[in-house]
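The block underneath contains the structure these notes are about, expressed in structure tokens.
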Amino acid sequence: MLRTPLHHTLPVLALLTSFASAPTASADDLARAAMREARAEARRWQGELGSTQLLRADLDRRGDTTSSAGDELLLLFTIEGPHAGNSWVQLLVVMGRGADGAPWLRATRRVGGKEQLDVSRMLRVVDGELELRVRRWRPADSACCPSGRARTVRCRPLEEGSCSIDALSR
């Protein structure tokens with residue numbers, strides 16, 4: 001019998017239950033589409049899908065985070081062991097809705113990685129900008145642990161380059 005490690009199951013359960021107060025069809029559709037994209041990215045990177053965090057947002061600033069039209073779902077996730085290595089990367093997927101109401105992949109951004117930048121969590125979206133809590137590695141740090149002070153940075157996930165590791169490290 002194949003067993004799934006509990007740490008791989010819990011993020012999906014949290015994902016599906018975190019939208020209990022949102023419109024069911026809309027939240028479930030976007031969440032499922034975001035998880036499909038995360039699993040596809042893990043396959044592309046030849047790694048395993050690790051931790052995940054979801055945030056519902058209004059990146060277009062149309063003020064409609066509770067309706068099914070115009071809202072976005074952001075999924076921050078970690079891919080462990082990419083390319084069969086002892087490493088990890090963090091990606092951000094932005095899912096929205098197309099004109100037909102179907103989930104639509106709006107953006108995929110690499111936002112963090114081992115010995116580069118650790119994105120501990122998404123905080124909120126303000127005026128179309130995503131606030132992230134990040135830590136940088138310092139030159140003398142070991143690979144396991146960044147010693148840089150945690151700080152909050154902002155980026156625009158729909159703008160190319162705005163949420164890159166380089167941009168977030170400044």
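Identifiers in this document derive from the order of the structure tokens: chains are assigned A, B, ..., residues are numbered from 1 separately in each chain, and ligands are numbered from 1 in order of occurrence.
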Could you find all residues in stretch 56-138 of chain A that DSSP calls strand (DSSP E) from the backbone, and write them as a count of residues only?
50
Neighbouring residues of A:Leu168 were defined as those with any atom within 9 Å, considering only C-alpha atoms; residues of the same chain fewer than 3 positions away were excluded. Please report them as JSON, numbers by chain.
{"A": [111, 112, 117, 132, 134, 153, 154, 155, 162, 163, 164, 165]}
For the residues selected in the previous step, produce a file with N, CA and C atoms as an mmCIF file, in the first residue's frame.
```cif
data_model
loop_
_atom_site.group_PDB
_atom_site.id
_atom_site.type_symbol
_atom_site.label_atom_id
_atom_site.label_comp_id
_atom_site.auth_asym_id
_atom_site.auth_seq_id
_atom_site.Cartn_x
_atom_site.Cartn_y
_atom_site.Cartn_z
ATOM 1 N N VAL A 111 10.437 33.069 -6.559
ATOM 2 C CA VAL A 111 10.616 34.124 -5.570
ATOM 3 C C VAL A 111 11.666 33.810 -4.507
ATOM 4 N N GLY A 112 12.049 32.538 -4.346
ATOM 5 C CA GLY A 112 13.012 32.196 -3.309
ATOM 6 C C GLY A 112 13.769 30.932 -3.634
ATOM 7 N N LEU A 117 17.192 33.428 -1.003
ATOM 8 C CA LEU A 117 16.160 34.191 -0.309
ATOM 9 C C LEU A 117 15.099 33.225 0.181
ATOM 10 N N LEU A 132 5.463 40.311 1.315
ATOM 11 C CA LEU A 132 6.073 39.037 1.667
ATOM 12 C C LEU A 132 7.019 39.228 2.839
ATOM 13 N N VAL A 134 10.483 37.969 4.219
ATOM 14 C CA VAL A 134 11.653 37.302 3.644
ATOM 15 C C VAL A 134 12.867 37.409 4.573
ATOM 16 N N VAL A 153 8.830 42.856 2.332
ATOM 17 C CA VAL A 153 9.065 43.470 1.023
ATOM 18 C C VAL A 153 7.768 43.430 0.235
ATOM 19 N N ARG A 154 7.684 44.275 -0.781
ATOM 20 C CA ARG A 154 6.491 44.342 -1.627
ATOM 21 C C ARG A 154 6.875 44.134 -3.076
ATOM 22 N N CYS A 155 5.978 43.492 -3.817
ATOM 23 C CA CYS A 155 6.184 43.316 -5.251
ATOM 24 C C CYS A 155 4.828 43.231 -5.945
ATOM 25 N N SER A 162 9.208 42.015 -11.098
ATOM 26 C CA SER A 162 8.917 42.685 -9.833
ATOM 27 C C SER A 162 9.090 41.764 -8.632
ATOM 28 N N CYS A 163 8.774 40.487 -8.793
ATOM 29 C CA CYS A 163 8.859 39.523 -7.685
ATOM 30 C C CYS A 163 10.035 38.567 -7.827
ATOM 31 N N SER A 164 11.043 38.935 -8.604
ATOM 32 C CA SER A 164 12.213 38.068 -8.770
ATOM 33 C C SER A 164 13.046 38.051 -7.497
ATOM 34 N N ILE A 165 13.890 37.050 -7.354
ATOM 35 C CA ILE A 165 14.775 36.967 -6.182
ATOM 36 C C ILE A 165 15.633 38.223 -6.082
#
```
Between atom CA of A:Leu158 and atom CA of A:Gln90, what is the distance in Å, rounded to a tenth?
16.8 Å
Could you check the closest approach to A:Arg32 for each of A:Ala150, A:Ala140, A:Leu76, A:Met95 and tell me which residue wins, using only C-alpha atoms?
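Nearest to A:Arg32: A:Met95.
Close contacts of A:Ala31, defined as residues with an atom at most 9 Å away when counting only C-alpha atoms, with chain neighbours fewer than 2 positions off set aside, comprise A:Leu15, A:Leu16, A:Phe19, A:Ser26, A:Ala27, A:Asp28, A:Asp29, A:Ala33, A:Ala34, A:Met35, A:Arg36, A:Leu54, A:Leu73, A:Leu75, A:Met95.
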Residue subset to file, keeping C-alpha atoms, as a compact mmCIF listing (two decimals), in the first residue's frame:
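Listing of again09.txt after writing:
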```txt
# COMPACT_ATOMS: atom_id res chain seq x y z
CA LEU A 15 -5.78 24.58 1.12
CA LEU A 16 -9.28 23.18 0.70
CA PHE A 19 -11.73 28.86 1.71
CA SER A 26 -15.03 29.76 -7.25
CA ALA A 27 -12.61 29.02 -4.41
CA ASP A 28 -12.47 25.31 -5.13
CA ASP A 29 -11.91 25.81 -8.87
CA ALA A 33 -6.13 24.81 -10.64
CA ALA A 34 -3.37 26.36 -8.51
CA MET A 35 -2.47 22.98 -7.00
CA ARG A 36 -2.40 21.38 -10.47
CA LEU A 54 -2.76 30.43 -0.28
CA LEU A 73 -5.64 33.34 -5.88
CA LEU A 75 -0.18 30.13 -4.14
CA MET A 95 -4.49 32.15 -10.77
```
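Between atom CA of A:Ser87 and atom CA of A:Cys145 the separation is 12.4 Å.
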With distances taken over only C-alpha atoms, which of A:Leu74, A:Val89, A:Ala167, A:Leu130 is nearest to A:Gly47?
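Of A:Leu74, A:Val89, A:Ala167, A:Leu130, the one nearest A:Gly47 is A:Val89, counting only C-alpha atoms.
Closest approach to A:Gln116 among A:Ser51, A:Ser169, A:Thr152, A:Gln46: A:Ser169, based on only C-alpha atoms.
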Of the candidates A:Arg106, A:Arg43, A:Arg138, A:Arg133, which one gets nearest to A:Glu159 if we count only C-alpha atoms?
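The shortest atom-to-atom distance to A:Glu159 comes from A:Arg106.
Put simply, atom CA of A:Arg149 is 6.0 Å away from atom CA of A:Arg135.
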Exercise: A:Val126 partners within 12 Å, only C-alpha atoms, chain neighbours under 3 positions left out, as JSON, numbers by chain
{"A": [56, 57, 58, 59, 60, 61, 63, 122, 123, 129, 130, 131, 132, 153, 154, 155, 156]}
Could you list, as a list in words, every residue within 9 Å of A:Glu48, counting only C-alpha atoms and ignoring same-chain residues fewer than 4 positions away?
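My reading of the contact set: Arg39, Ala42, Arg43, Thr78, Ile79, Glu80, Gly81 and Pro82 of chain A.
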Selection: 9 Å around A:Trp137, only C-alpha atoms, excl. self and same-chain fewer than 6 positions, as a list in words
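In the requested format, the answer is Lys114, Glu115, Gln116, Leu117, Asp118, Ala143, Cys145, Pro146, Ser147 and Gly148 of chain A.
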Could you pull out the alpha helix (DSSP H) residues of stretch 21-118 of chain A from DSSP and send them as a list in words?
Thr24, Ala25, Ser26, Ala27, Asp28, Asp29, Leu30, Ala31, Arg32, Ala33, Ala34, Met35, Arg36, Glu37, Ala38, Arg39, Ala40, Glu41, Ala42, Arg43 and Arg44 of chain A
Write a file of the selected residues as a PDB file, in the first residue's frame, keeping C-alpha atoms.
```pdb
ATOM      1  CA  THR A  24     -17.504  27.273  -2.854  1.00  0.00           C
ATOM      2  CA  ALA A  25     -17.304  26.782  -6.632  1.00  0.00           C
ATOM      3  CA  SER A  26     -15.029  29.760  -7.248  1.00  0.00           C
ATOM      4  CA  ALA A  27     -12.612  29.018  -4.411  1.00  0.00           C
ATOM      5  CA  ASP A  28     -12.466  25.305  -5.126  1.00  0.00           C
ATOM      6  CA  ASP A  29     -11.908  25.811  -8.866  1.00  0.00           C
ATOM      7  CA  LEU A  30      -9.064  28.249  -8.348  1.00  0.00           C
ATOM      8  CA  ALA A  31      -7.516  26.189  -5.549  1.00  0.00           C
ATOM      9  CA  ARG A  32      -7.585  23.005  -7.625  1.00  0.00           C
ATOM     10  CA  ALA A  33      -6.128  24.811 -10.645  1.00  0.00           C
ATOM     11  CA  ALA A  34      -3.368  26.359  -8.506  1.00  0.00           C
ATOM     12  CA  MET A  35      -2.466  22.976  -6.998  1.00  0.00           C
ATOM     13  CA  ARG A  36      -2.396  21.381 -10.470  1.00  0.00           C
ATOM     14  CA  GLU A  37       0.038  24.076 -11.585  1.00  0.00           C
ATOM     15  CA  ALA A  38       2.179  23.593  -8.459  1.00  0.00           C
ATOM     16  CA  ARG A  39       2.379  19.835  -9.082  1.00  0.00           C
ATOM     17  CA  ALA A  40       3.275  20.490 -12.746  1.00  0.00           C
ATOM     18  CA  GLU A  41       6.064  22.869 -11.660  1.00  0.00           C
ATOM     19  CA  ALA A  42       7.364  20.247  -9.216  1.00  0.00           C
ATOM     20  CA  ARG A  43       7.555  17.757 -12.111  1.00  0.00           C
ATOM     21  CA  ARG A  44       9.343  20.340 -14.313  1.00  0.00           C
TER      22      ARG A  44
END
```
